[in-house]
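One file, data-v3.pdb, carrying PDB, C-alpha atoms and all ligand atoms:
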```
MODEL        1
ATOM      1  CA  MET A 110      21.469  -3.182  -3.856
ATOM      2  CA  SER A 111      24.680  -2.780  -1.862
ATOM      3  CA  SER A 112      25.068  -6.023   0.046
ATOM      4  CA  SER A 113      26.324  -4.722   3.390
ATOM      5  CA  SER A 114      23.376  -2.410   4.000
ATOM      6  CA  GLU A 115      20.986  -4.941   2.562
ATOM      7  CA  GLU A 116      21.977  -7.422   5.266
ATOM      8  CA  GLU A 117      21.165  -4.953   8.010
ATOM      9  CA  LEU A 118      18.010  -3.554   6.503
ATOM     10  CA  ILE A 119      16.342  -6.513   4.832
ATOM     11  CA  HIS A 120      15.567 -10.051   5.924
ATOM     12  CA  MET A 121      13.544 -12.783   4.268
ATOM     13  CA  PHE A 122      10.341 -14.273   5.601
ATOM     14  CA  LYS A 123       8.628 -17.050   3.642
ATOM     15  CA  GLY A 124      10.592 -16.012   0.557
ATOM     16  CA  ILE A 125       9.577 -12.342   0.742
ATOM     17  CA  PRO A 126      11.986  -9.487   1.605
ATOM     18  CA  PHE A 127      10.864  -7.488   4.666
ATOM     19  CA  THR A 128      12.662  -4.588   6.316
ATOM     20  CA  THR A 129      14.181  -5.425   9.677
ATOM     21  CA  ARG A 130      11.623  -2.973  11.114
ATOM     22  CA  SER A 131       9.334  -6.025  10.972
ATOM     23  CA  SER A 132      10.846  -8.546  13.380
ATOM     24  CA  LEU A 133      10.878 -12.206  12.348
ATOM     25  CA  GLU A 134       9.338 -13.098  15.701
ATOM     26  CA  LEU A 135       6.410 -10.788  14.980
ATOM     27  CA  LEU A 136       6.011 -12.097  11.418
ATOM     28  CA  ASN A 137       6.040 -15.654  12.771
ATOM     29  CA  SER A 138       3.368 -14.828  15.352
ATOM     30  CA  LEU A 139       0.871 -12.993  13.144
ATOM     31  CA  ASP A 140      -1.550 -15.891  13.148
ATOM     32  CA  ALA A 141      -1.953 -15.490  16.900
ATOM     33  CA  PHE A 142      -3.415 -12.034  16.312
ATOM     34  CA  ASP A 143      -6.834 -11.430  17.802
ATOM     35  CA  ALA A 144      -8.907  -9.815  15.071
ATOM     36  CA  ARG A 145     -12.200  -8.131  15.942
ATOM     37  CA  GLU A 146     -15.223  -8.225  13.697
ATOM     38  CA  ASP A 147     -15.276  -4.449  13.367
ATOM     39  CA  ASP A 148     -11.593  -4.101  12.390
ATOM     40  CA  VAL A 149     -11.071  -2.486   9.006
ATOM     41  CA  LEU A 150      -7.910  -3.321   7.053
ATOM     42  CA  LEU A 151      -6.242  -0.932   4.649
ATOM     43  CA  VAL A 152      -4.210  -3.144   2.332
ATOM     44  CA  SER A 153      -1.681  -2.187  -0.318
ATOM     45  CA  TYR A 154       1.571  -2.954  -2.017
ATOM     46  CA  PRO A 155       3.923  -0.070  -1.065
ATOM     47  CA  LYS A 156       3.608   3.159  -3.059
ATOM     48  CA  SER A 157       0.070   2.596  -4.242
ATOM     49  CA  GLY A 158      -1.677   5.421  -2.386
ATOM     50  CA  THR A 159      -1.823   3.960   1.132
ATOM     51  CA  HIS A 160      -1.465   7.308   2.929
ATOM     52  CA  TRP A 161      -4.017   8.929   0.671
ATOM     53  CA  LEU A 162      -6.592   6.252   1.360
ATOM     54  CA  ALA A 163      -5.752   6.379   5.086
ATOM     55  CA  ARG A 164      -6.618  10.087   5.069
ATOM     56  CA  VAL A 165      -9.914   9.453   3.280
ATOM     57  CA  LEU A 166     -10.837   6.666   5.692
ATOM     58  CA  THR A 167      -9.963   8.517   8.891
ATOM     59  CA  SER A 168     -11.950  11.515   7.637
ATOM     60  CA  LEU A 169     -14.906   9.289   6.799
ATOM     61  CA  PHE A 170     -14.910   7.721  10.250
ATOM     62  CA  SER A 171     -14.282  11.127  11.904
ATOM     63  CA  ALA A 172     -13.202  10.411  15.466
ATOM     64  CA  GLN A 173     -14.703   6.946  15.632
ATOM     65  CA  VAL A 174     -11.624   4.990  14.671
ATOM     66  CA  THR A 175      -7.932   4.674  15.581
ATOM     67  CA  LEU A 176      -5.546   4.434  12.660
ATOM     68  CA  THR A 177      -2.887   2.045  13.954
ATOM     69  CA  SER A 178       0.576   1.449  12.542
ATOM     70  CA  PRO A 179       0.846  -1.580  10.220
ATOM     71  CA  ILE A 180       0.260  -4.960  11.770
ATOM     72  CA  GLU A 181       3.653  -6.197  10.552
ATOM     73  CA  PHE A 182       5.584  -3.204  11.910
ATOM     74  CA  GLY A 183       7.790  -3.560  14.991
ATOM     75  CA  ASP A 184       8.448  -6.477  17.310
ATOM     76  CA  ILE A 185       6.303  -8.999  19.085
ATOM     77  CA  SER A 186       4.974  -6.389  21.558
ATOM     78  CA  ARG A 187       2.960  -5.054  18.619
ATOM     79  CA  LEU A 188       0.274  -7.704  19.034
ATOM     80  CA  GLU A 189      -0.354  -6.768  22.656
ATOM     81  CA  GLU A 190      -0.309  -3.049  21.834
ATOM     82  CA  LEU A 191      -3.044  -3.517  19.265
ATOM     83  CA  ASN A 192      -4.930  -5.718  21.690
ATOM     84  CA  GLN A 193      -5.007  -2.945  24.264
ATOM     85  CA  LEU A 194      -6.791  -0.494  21.968
ATOM     86  CA  SER A 195     -10.369  -0.156  23.076
ATOM     87  CA  SER A 196     -11.570   1.816  20.048
ATOM     88  CA  LYS A 197     -12.432   0.546  16.584
ATOM     89  CA  ARG A 198      -9.225  -0.143  14.674
ATOM     90  CA  LEU A 199      -8.233   0.833  11.150
ATOM     91  CA  ILE A 200      -5.177  -1.329  10.491
ATOM     92  CA  PRO A 201      -2.848  -0.804   7.512
ATOM     93  CA  THR A 202      -0.815  -3.673   6.070
ATOM     94  CA  HIS A 203       1.396  -4.515   3.104
ATOM     95  CA  LEU A 204       1.068  -8.263   3.704
ATOM     96  CA  ASP A 205       0.011 -10.432   0.836
ATOM     97  CA  TYR A 206      -3.254 -12.324   1.279
ATOM     98  CA  ASN A 207      -1.620 -15.595   2.249
ATOM     99  CA  MET A 208       0.305 -13.995   5.101
ATOM    100  CA  LEU A 209      -2.620 -12.117   6.578
ATOM    101  CA  PRO A 210      -3.522 -13.386  10.082
ATOM    102  CA  THR A 211      -6.243 -15.988   9.574
ATOM    103  CA  ASN A 212      -8.457 -14.388  12.210
ATOM    104  CA  PHE A 213      -9.140 -11.443   9.913
ATOM    105  CA  LYS A 214     -10.337 -13.909   7.283
ATOM    106  CA  ASN A 215     -12.413 -16.039   9.655
ATOM    107  CA  LYS A 216     -14.116 -12.991  11.133
ATOM    108  CA  LYS A 217     -14.775 -11.579   7.670
ATOM    109  CA  CYS A 218     -13.331  -8.193   8.620
ATOM    110  CA  LYS A 219     -13.766  -5.488   6.011
ATOM    111  CA  MET A 220     -10.653  -5.016   3.898
ATOM    112  CA  ILE A 221      -9.928  -2.321   1.330
ATOM    113  CA  TYR A 222      -7.195  -3.031  -1.209
ATOM    114  CA  ILE A 223      -5.727  -0.074  -3.051
ATOM    115  CA  SER A 224      -3.773  -0.629  -6.227
ATOM    116  CA  ARG A 225      -2.038   1.529  -8.823
ATOM    117  CA  ASN A 226      -0.535   1.164 -12.272
ATOM    118  CA  PRO A 227       2.537  -0.910 -11.343
ATOM    119  CA  LYS A 228       4.697   1.210 -13.646
ATOM    120  CA  ASP A 229       3.970   4.269 -11.498
ATOM    121  CA  THR A 230       4.346   2.186  -8.349
ATOM    122  CA  ALA A 231       7.807   1.106  -9.561
ATOM    123  CA  VAL A 232       8.884   4.706 -10.162
ATOM    124  CA  SER A 233       7.468   5.859  -6.830
ATOM    125  CA  MET A 234       9.250   3.007  -5.065
ATOM    126  CA  PHE A 235      12.532   3.847  -6.796
ATOM    127  CA  HIS A 236      12.431   7.364  -5.337
ATOM    128  CA  TYR A 237      11.411   5.969  -1.975
ATOM    129  CA  TYR A 238      14.409   3.611  -1.982
ATOM    130  CA  ARG A 239      16.692   6.511  -2.761
ATOM    131  CA  ASP A 240      15.330   8.819  -0.065
ATOM    132  CA  ASN A 241      14.516   6.342   2.711
ATOM    133  CA  PRO A 242      17.364   5.351   5.043
ATOM    134  CA  ASN A 243      15.443   2.207   6.038
ATOM    135  CA  LEU A 244      15.839   0.783   2.549
ATOM    136  CA  PRO A 245      19.017  -0.439   0.799
ATOM    137  CA  THR A 246      21.009   1.877  -1.450
ATOM    138  CA  ILE A 247      20.079   1.785  -5.109
ATOM    139  CA  ASP A 248      22.614   2.743  -7.751
ATOM    140  CA  SER A 249      20.342   3.726 -10.605
ATOM    141  CA  TRP A 250      16.845   3.523 -12.045
ATOM    142  CA  THR A 251      18.116   0.810 -14.420
ATOM    143  CA  ALA A 252      19.238  -1.339 -11.486
ATOM    144  CA  PHE A 253      15.998  -0.747  -9.578
ATOM    145  CA  PHE A 254      13.847  -1.555 -12.602
ATOM    146  CA  ASP A 255      15.407  -5.029 -12.803
ATOM    147  CA  LEU A 256      14.933  -5.647  -9.079
ATOM    148  CA  PHE A 257      11.281  -4.557  -9.273
ATOM    149  CA  LEU A 258      10.511  -6.849 -12.205
ATOM    150  CA  LYS A 259      12.144  -9.782 -10.390
ATOM    151  CA  GLY A 260      10.262  -9.007  -7.183
ATOM    152  CA  ASP A 261      13.563  -8.526  -5.416
ATOM    153  CA  VAL A 262      12.308  -5.508  -3.436
ATOM    154  CA  VAL A 263      10.551  -5.046  -0.078
ATOM    155  CA  CYS A 264       7.208  -6.842   0.004
ATOM    156  CA  GLY A 265       8.308  -9.003  -2.926
ATOM    157  CA  SER A 266       6.762  -9.154  -6.363
ATOM    158  CA  TRP A 267       4.077  -6.585  -7.151
ATOM    159  CA  PHE A 268       2.474  -9.195  -9.413
ATOM    160  CA  ASP A 269       2.279 -11.883  -6.726
ATOM    161  CA  HIS A 270       0.933  -9.401  -4.183
ATOM    162  CA  PHE A 271      -1.809  -8.193  -6.485
ATOM    163  CA  LEU A 272      -2.753 -11.695  -7.631
ATOM    164  CA  SER A 273      -2.942 -13.020  -4.059
ATOM    165  CA  TRP A 274      -5.563 -10.367  -3.287
ATOM    166  CA  GLU A 275      -7.352 -10.442  -6.618
ATOM    167  CA  GLU A 276      -8.234 -14.059  -5.976
ATOM    168  CA  HIS A 277     -10.504 -12.730  -3.201
ATOM    169  CA  ALA A 278     -11.786  -9.648  -4.981
ATOM    170  CA  ASN A 279     -15.330 -11.016  -5.072
ATOM    171  CA  ASP A 280     -15.481 -11.712  -1.347
ATOM    172  CA  LYS A 281     -18.174  -9.472   0.094
ATOM    173  CA  ASN A 282     -15.871  -8.125   2.785
ATOM    174  CA  ILE A 283     -13.206  -6.964   0.308
ATOM    175  CA  LEU A 284     -13.293  -3.741  -1.710
ATOM    176  CA  PHE A 285     -10.807  -3.098  -4.521
ATOM    177  CA  LEU A 286      -9.860   0.471  -5.339
ATOM    178  CA  PHE A 287      -7.547   2.005  -7.922
ATOM    179  CA  TYR A 288      -5.368   5.079  -7.427
ATOM    180  CA  GLU A 289      -6.211   6.312 -10.920
ATOM    181  CA  ASP A 290      -9.957   6.207 -10.159
ATOM    182  CA  MET A 291      -9.341   8.285  -7.044
ATOM    183  CA  LYS A 292      -7.461  10.828  -9.142
ATOM    184  CA  LYS A 293     -10.254  10.891 -11.710
ATOM    185  CA  ASP A 294     -13.273  11.191  -9.422
ATOM    186  CA  LEU A 295     -12.527  11.194  -5.704
ATOM    187  CA  PRO A 296     -16.091  12.078  -4.592
ATOM    188  CA  LYS A 297     -17.386   8.993  -6.423
ATOM    189  CA  ILE A 298     -14.847   6.753  -4.708
ATOM    190  CA  VAL A 299     -15.539   8.299  -1.298
ATOM    191  CA  LYS A 300     -19.242   7.485  -1.832
ATOM    192  CA  LYS A 301     -18.352   3.941  -2.822
ATOM    193  CA  ILE A 302     -16.244   3.494   0.315
ATOM    194  CA  SER A 303     -18.962   4.938   2.550
ATOM    195  CA  LEU A 304     -21.476   2.456   1.136
ATOM    196  CA  PHE A 305     -19.053  -0.417   1.657
ATOM    197  CA  LEU A 306     -18.480   0.626   5.264
ATOM    198  CA  SER A 307     -22.184   1.447   5.830
ATOM    199  CA  LEU A 308     -21.346   5.004   6.854
ATOM    200  CA  ASN A 309     -23.779   7.836   6.411
ATOM    201  CA  VAL A 310     -22.205  10.860   4.798
ATOM    202  CA  SER A 311     -23.731  13.953   3.270
ATOM    203  CA  GLU A 312     -22.645  15.609   0.016
ATOM    204  CA  ASN A 313     -21.073  18.331   2.146
ATOM    205  CA  ASP A 314     -19.066  15.811   4.130
ATOM    206  CA  ILE A 315     -17.835  14.297   0.885
ATOM    207  CA  GLN A 316     -16.696  17.670  -0.444
ATOM    208  CA  ASP A 317     -14.949  18.332   2.826
ATOM    209  CA  ILE A 318     -13.207  14.941   2.838
ATOM    210  CA  CYS A 319     -11.990  15.447  -0.730
ATOM    211  CA  LYS A 320     -10.577  18.845   0.138
ATOM    212  CA  LYS A 321      -8.721  17.522   3.174
ATOM    213  CA  SER A 322      -7.363  14.581   1.160
ATOM    214  CA  SER A 323      -5.921  16.541  -1.739
ATOM    215  CA  PHE A 324      -2.223  16.068  -2.442
ATOM    216  CA  SER A 325      -1.432  19.704  -1.606
ATOM    217  CA  ALA A 326      -3.411  19.682   1.656
ATOM    218  CA  MET A 327      -1.794  16.448   2.797
ATOM    219  CA  LYS A 328       1.691  17.583   1.825
ATOM    220  CA  SER A 329       1.389  20.878   3.656
ATOM    221  CA  ASP A 330      -0.137  19.215   6.771
ATOM    222  CA  THR A 331       2.816  16.844   6.863
ATOM    223  CA  GLU A 332       5.332  19.660   6.593
ATOM    224  CA  LYS A 333       3.785  21.239   9.688
ATOM    225  CA  GLU A 334       3.652  18.004  11.704
ATOM    226  CA  ASN A 335       6.409  16.559  13.842
ATOM    227  CA  SER A 336       7.004  12.944  12.858
ATOM    228  CA  ASP A 337       6.076  10.479  15.569
ATOM    229  CA  PRO A 338       8.067   7.262  14.963
ATOM    230  CA  HIS A 339       5.180   5.170  16.251
ATOM    231  CA  ASN A 340       2.590   6.893  14.140
ATOM    232  CA  THR A 341       3.329   5.289  10.810
ATOM    233  CA  VAL A 342       1.033   4.028   8.076
ATOM    234  CA  CYS A 343       3.797   2.362   6.077
ATOM    235  CA  ALA A 344       6.084  -0.196   7.743
ATOM    236  CA  LEU A 345       8.978   1.165   5.677
ATOM    237  CA  THR A 346       9.236   4.640   7.205
ATOM    238  CA  SER A 347       7.959   6.901   9.953
ATOM    239  CA  ASN A 348       8.950   9.987   8.013
ATOM    240  CA  LYS A 349       5.816  11.093   6.193
ATOM    241  CA  LYS A 350       7.748  13.842   4.430
ATOM    242  CA  LEU A 351       9.094  11.151   2.099
ATOM    243  CA  ILE A 352       5.616  10.217   0.926
ATOM    244  CA  PHE A 353       4.365  13.263  -0.948
ATOM    245  CA  ARG A 354       6.551  13.364  -4.029
ATOM    246  CA  LYS A 355       4.480  14.081  -7.168
ATOM    247  CA  GLY A 356       1.121  12.402  -6.700
ATOM    248  CA  ALA A 357       0.656  12.067 -10.462
ATOM    249  CA  VAL A 358      -0.580   9.458 -12.919
ATOM    250  CA  GLY A 359       1.876   8.472 -15.649
ATOM    251  CA  ASP A 360       5.191   9.614 -14.173
ATOM    252  CA  TRP A 361       6.603   6.302 -15.422
ATOM    253  CA  LYS A 362       6.853   7.904 -18.862
ATOM    254  CA  ASN A 363       9.592  10.157 -17.518
ATOM    255  CA  HIS A 364      11.634   7.146 -16.401
ATOM    256  CA  PHE A 365      10.965   4.072 -18.578
ATOM    257  CA  THR A 366      13.022   3.646 -21.740
ATOM    258  CA  PRO A 367      11.107   2.108 -24.686
ATOM    259  CA  LYS A 368      13.002  -1.138 -24.077
ATOM    260  CA  GLN A 369      12.120  -1.177 -20.383
ATOM    261  CA  ASN A 370       8.509  -0.535 -21.308
ATOM    262  CA  ARG A 371       8.516  -3.552 -23.649
ATOM    263  CA  ARG A 372      10.120  -5.752 -21.007
ATOM    264  CA  PHE A 373       7.635  -4.561 -18.384
ATOM    265  CA  GLU A 374       4.694  -5.318 -20.646
ATOM    266  CA  GLU A 375       6.029  -8.768 -21.491
ATOM    267  CA  THR A 376       6.338  -9.628 -17.805
ATOM    268  CA  PHE A 377       2.967  -8.021 -17.044
ATOM    269  CA  ASN A 378       1.199  -9.974 -19.786
ATOM    270  CA  GLU A 379       2.808 -13.219 -18.737
ATOM    271  CA  LYS A 380       2.253 -12.849 -14.998
ATOM    272  CA  MET A 381      -1.228 -11.388 -15.307
ATOM    273  CA  LYS A 382      -2.576 -13.652 -18.040
ATOM    274  CA  LEU A 383      -5.222 -15.105 -15.721
ATOM    275  CA  SER A 384      -6.034 -11.789 -14.055
ATOM    276  CA  LYS A 385      -9.509 -10.414 -14.682
ATOM    277  CA  MET A 386      -8.503  -7.002 -13.394
ATOM    278  CA  ALA A 387      -5.313  -6.612 -15.396
ATOM    279  CA  LYS A 388      -7.030  -4.313 -17.860
ATOM    280  CA  SER A 389      -8.087  -1.862 -15.134
ATOM    281  CA  LEU A 390      -4.524  -1.511 -14.020
ATOM    282  CA  ILE A 391      -2.519  -0.332 -16.943
ATOM    283  CA  TYR A 392      -3.403   3.176 -17.974
ATOM    284  CA  GLU A 393      -1.842   5.044 -20.880
ATOM    285  CA  PHE A 394       0.086   2.165 -22.384
TER     286      PHE A 394
HETATM  287  P1  LIG B   1       4.539   9.401  -6.025
HETATM  288  O1  LIG B   1       5.849   8.906  -5.457
HETATM  289  O2  LIG B   1       4.322   8.914  -7.434
HETATM  290  O3  LIG B   1       4.374  10.877  -5.901
HETATM  291  P2  LIG B   1       1.980   5.166  -0.371
HETATM  292  O4  LIG B   1       1.156   6.032   0.508
HETATM  293  O5  LIG B   1       1.363   3.827  -0.638
HETATM  294  O6  LIG B   1       3.379   5.068   0.137
HETATM  295  O7  LIG B   1       2.036   5.842  -1.808
HETATM  296  C1  LIG B   1       2.751   7.034  -2.004
HETATM  297  C2  LIG B   1       2.362   7.619  -3.356
HETATM  298  O8  LIG B   1       1.037   8.148  -3.261
HETATM  299  C3  LIG B   1       3.279   8.755  -3.736
HETATM  300  O9  LIG B   1       3.365   8.726  -5.166
HETATM  301  C4  LIG B   1       2.488   9.954  -3.226
HETATM  302  O10 LIG B   1       2.826  11.179  -3.819
HETATM  303  C5  LIG B   1       1.070   9.537  -3.598
HETATM  304  N1  LIG B   1       0.056  10.274  -2.833
HETATM  305  C6  LIG B   1       0.003  10.473  -1.503
HETATM  306  N2  LIG B   1      -1.039  11.260  -1.169
HETATM  307  C7  LIG B   1      -1.662  11.565  -2.317
HETATM  308  C8  LIG B   1      -2.813  12.364  -2.621
HETATM  309  N3  LIG B   1      -3.508  12.998  -1.689
HETATM  310  N4  LIG B   1      -3.186  12.457  -3.922
HETATM  311  C9  LIG B   1      -2.482  11.836  -4.882
HETATM  312  N5  LIG B   1      -1.377  11.087  -4.653
HETATM  313  C10 LIG B   1      -0.975  10.947  -3.384
ENDMDL
END
```

This structure in structure tokens:
Amino acid sequence: MSSSSEEELIHMFKGIPFTTRSSLELLNSLDAFDAREDDVLLVSYPKSGTHWLARVLTSLFSAQVTLTSPIEFGDISRLEELNQLSSKRLIPTHLDYNMLPTNFKNKKCKMIYISRNPKDTAVSMFHYYRDNPNLPTIDSWTAFFDLFLKGDVVCGSWFDHFLSWEEHANDKNILFLFYEDMKKDLPKIVKKISLFLSLNVSENDIQDICKKSSFSAMKSDTEKENSDPHNTVCALTSNKKLIFRKGAVGDWKNHFTPKQNRRFEETFNEKMKLSKMAKSLIYEF
């Protein structure tokens, strides 16, 4: 990372790098947030399929929900803005479990965590760093790979993020989803989500939702849209055009050297040794 831009773009909060688009005052005040029992949280580490899941969820709810920008995005006025919304709220966040406002936990709000093979997440994040002016400059894939493994990237360590949420995977109000499962059988996952959210959807609705949520449909919709800086699902950018890159499983194979793959697996096995879900995460080793 080049240090001058890093200073302007990144600051630390509780040991985790955040972009300066999340003010420290806001991050410090999150616990004051007034959660509502019917809030639904869309939780992810960056580059795990957040926008994709947001599309599925907004389609499932039809007009009955407002997709807000992430709870950690902006300054302190954010809390009041969210407070003013009279409709049901679908709130995205990249926060790890320990940083999530306690009111969401106390009120047992429904939370959906989407995860993806961290090797593909790393590659996706590398391209995002290169294309996104809100993130520090990265010299090469080699340099980014090291930063990712160390957790020296926005939102911190992928491993810590995942583990903080996995600890709560059996809570009844939390649903875990995997990007690769959505790629394999989206209708099945849409059904699973509708059951979790107690929404009634027909087979036709499901087909329709899957069509609207395809990579090509979402990419072409975004190309037609004008970006609204306040309408953002990811706290790292308002420019949705940066999101739809490849949408594939296994792109890591085009980037990882055999040595990087060995190092990644060593770290993965060490960090995830107590994880029950680790096996669902790594596809195509
Ligand atoms: P790639 O960079 O590998 O293409 P997020 O929304 O969390 O920022 O994640 C972005 C990643 O999800 C990008 O991955 C993007 O292409 C992929 N993605 C977005 N919409 C998708 C869709 N409808 N189907 C499959 N992948 C999608």

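Taking only C-alpha atoms and all ligand atoms into account, the residues that come within 6 Å of ligand LIG 1 (chain B) are Pro155, Lys156, Ser157, Gly158, Thr159, His160, Trp161, Ser233, Ser322, Ser323, Phe324, Met327, Ile352, Phe353, Arg354, Lys355, Gly356 and Ala357 of chain A.
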
Length of the atom CA of Thr175 of chain A to atom CA of Arg198 of chain A vector [Å]
5.1 Å

For this file, the PyMOL selection byres (((chain A and resi 226) around 6) and not hetatm) selects which residues, as an NGL selection string?
:A and (225 or 227-229 or 390-391)

Name the residues that the PyMOL selection byres (((chain A and resi 364) around 10) and not hetatm) pulls out of this structure, and write them as a list in words.
Lys228, Asp229, Ala231, Val232, Trp250, Thr251, Phe254, Gly359, Asp360, Trp361, Lys362, Asn363, Phe365, Thr366, Pro367, Gln369 and Asn370 of chain A

Resulting file, chosen residues, C-alpha atoms, as a compact mmCIF listing (two decimals), in the frame of the given file:
```txt
# COMPACT_ATOMS: atom_id res chain seq x y z
CA LYS A 228 4.70 1.21 -13.65
CA ASP A 229 3.97 4.27 -11.50
CA ALA A 231 7.81 1.11 -9.56
CA VAL A 232 8.88 4.71 -10.16
CA TRP A 250 16.84 3.52 -12.04
CA THR A 251 18.12 0.81 -14.42
CA PHE A 254 13.85 -1.56 -12.60
CA GLY A 359 1.88 8.47 -15.65
CA ASP A 360 5.19 9.61 -14.17
CA TRP A 361 6.60 6.30 -15.42
CA LYS A 362 6.85 7.90 -18.86
CA ASN A 363 9.59 10.16 -17.52
CA PHE A 365 10.96 4.07 -18.58
CA THR A 366 13.02 3.65 -21.74
CA PRO A 367 11.11 2.11 -24.69
CA GLN A 369 12.12 -1.18 -20.38
CA ASN A 370 8.51 -0.54 -21.31
```

So which residues get picked by the PyMOL selection byres (((chain A and resi 290-307) around 8) and not hetatm) here, written as a ChimeraX atom specification?
/A:165,169,219,284,286-289,308-310,315-316,319,358

So, counting all atoms listed in the file, which residue among A:Lys281, A:Glu276, A:Leu199, A:Gly124 is closest to Asp261 of chain A?
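Looking only at the distances to Asp261 of chain A, the closest residue turns out to be A:Gly124.
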
Would you compute the distance between atom CA of Ser196 of chain A and atom CA of Val149 of chain A? Give it in Å to one decimal.
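Between atom CA of Ser196 of chain A and atom CA of Val149 of chain A the gap is 11.9 Å.
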
Write out as a PyMOL selection string each polymer residue whose atoms come within 8 Å of Tyr154 of chain A, counting all atoms listed in the file; drop sequence neighbours fewer than 4 positions from it.
chain A and resi 203-204+223-224+264+267+270-271

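Proximity ranking of A:Asn340, A:Ile221, A:Asp248, A:Asn313 relative to Ser178 of chain A places A:Asn340 first, based on all atoms listed in the file.
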
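The two atoms in question, atom CA of Leu383 of chain A and atom CA of Asp255 of chain A, are spaced 23.1 Å apart.
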
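Distances from A:Thr331, A:Ser171, A:Ser153, A:Thr376 to Phe285 of chain A were compared using all atoms listed in the file, and the smallest one belongs to A:Ser153.
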
Mind checking which residues fall within 10 Å of Leu150 of chain A, counting all atoms listed in the file, ignoring those fewer than 3 positions away in the same chain, and posting them as a list in words?
Asp147, Ser153, Leu176, Pro179, Ile180, Arg198, Leu199, Ile200, Pro201, Thr202, Phe213, Cys218, Lys219, Met220, Ile221, Tyr222 and Ile283 of chain A

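Each of A:Glu117, A:Glu189, A:Asp269, A:Asp148 was compared to Leu135 of chain A using only C-alpha atoms, and A:Glu189 turns out to be the nearest.
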
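The neighbours of Asp184 of chain A here are the residues that come within 8 Å of it, using only C-alpha atoms and leaving out any residue fewer than 6 positions away in the same chain; they are Arg130, Ser131, Ser132, Leu133, Glu134 and Leu135 of chain A.
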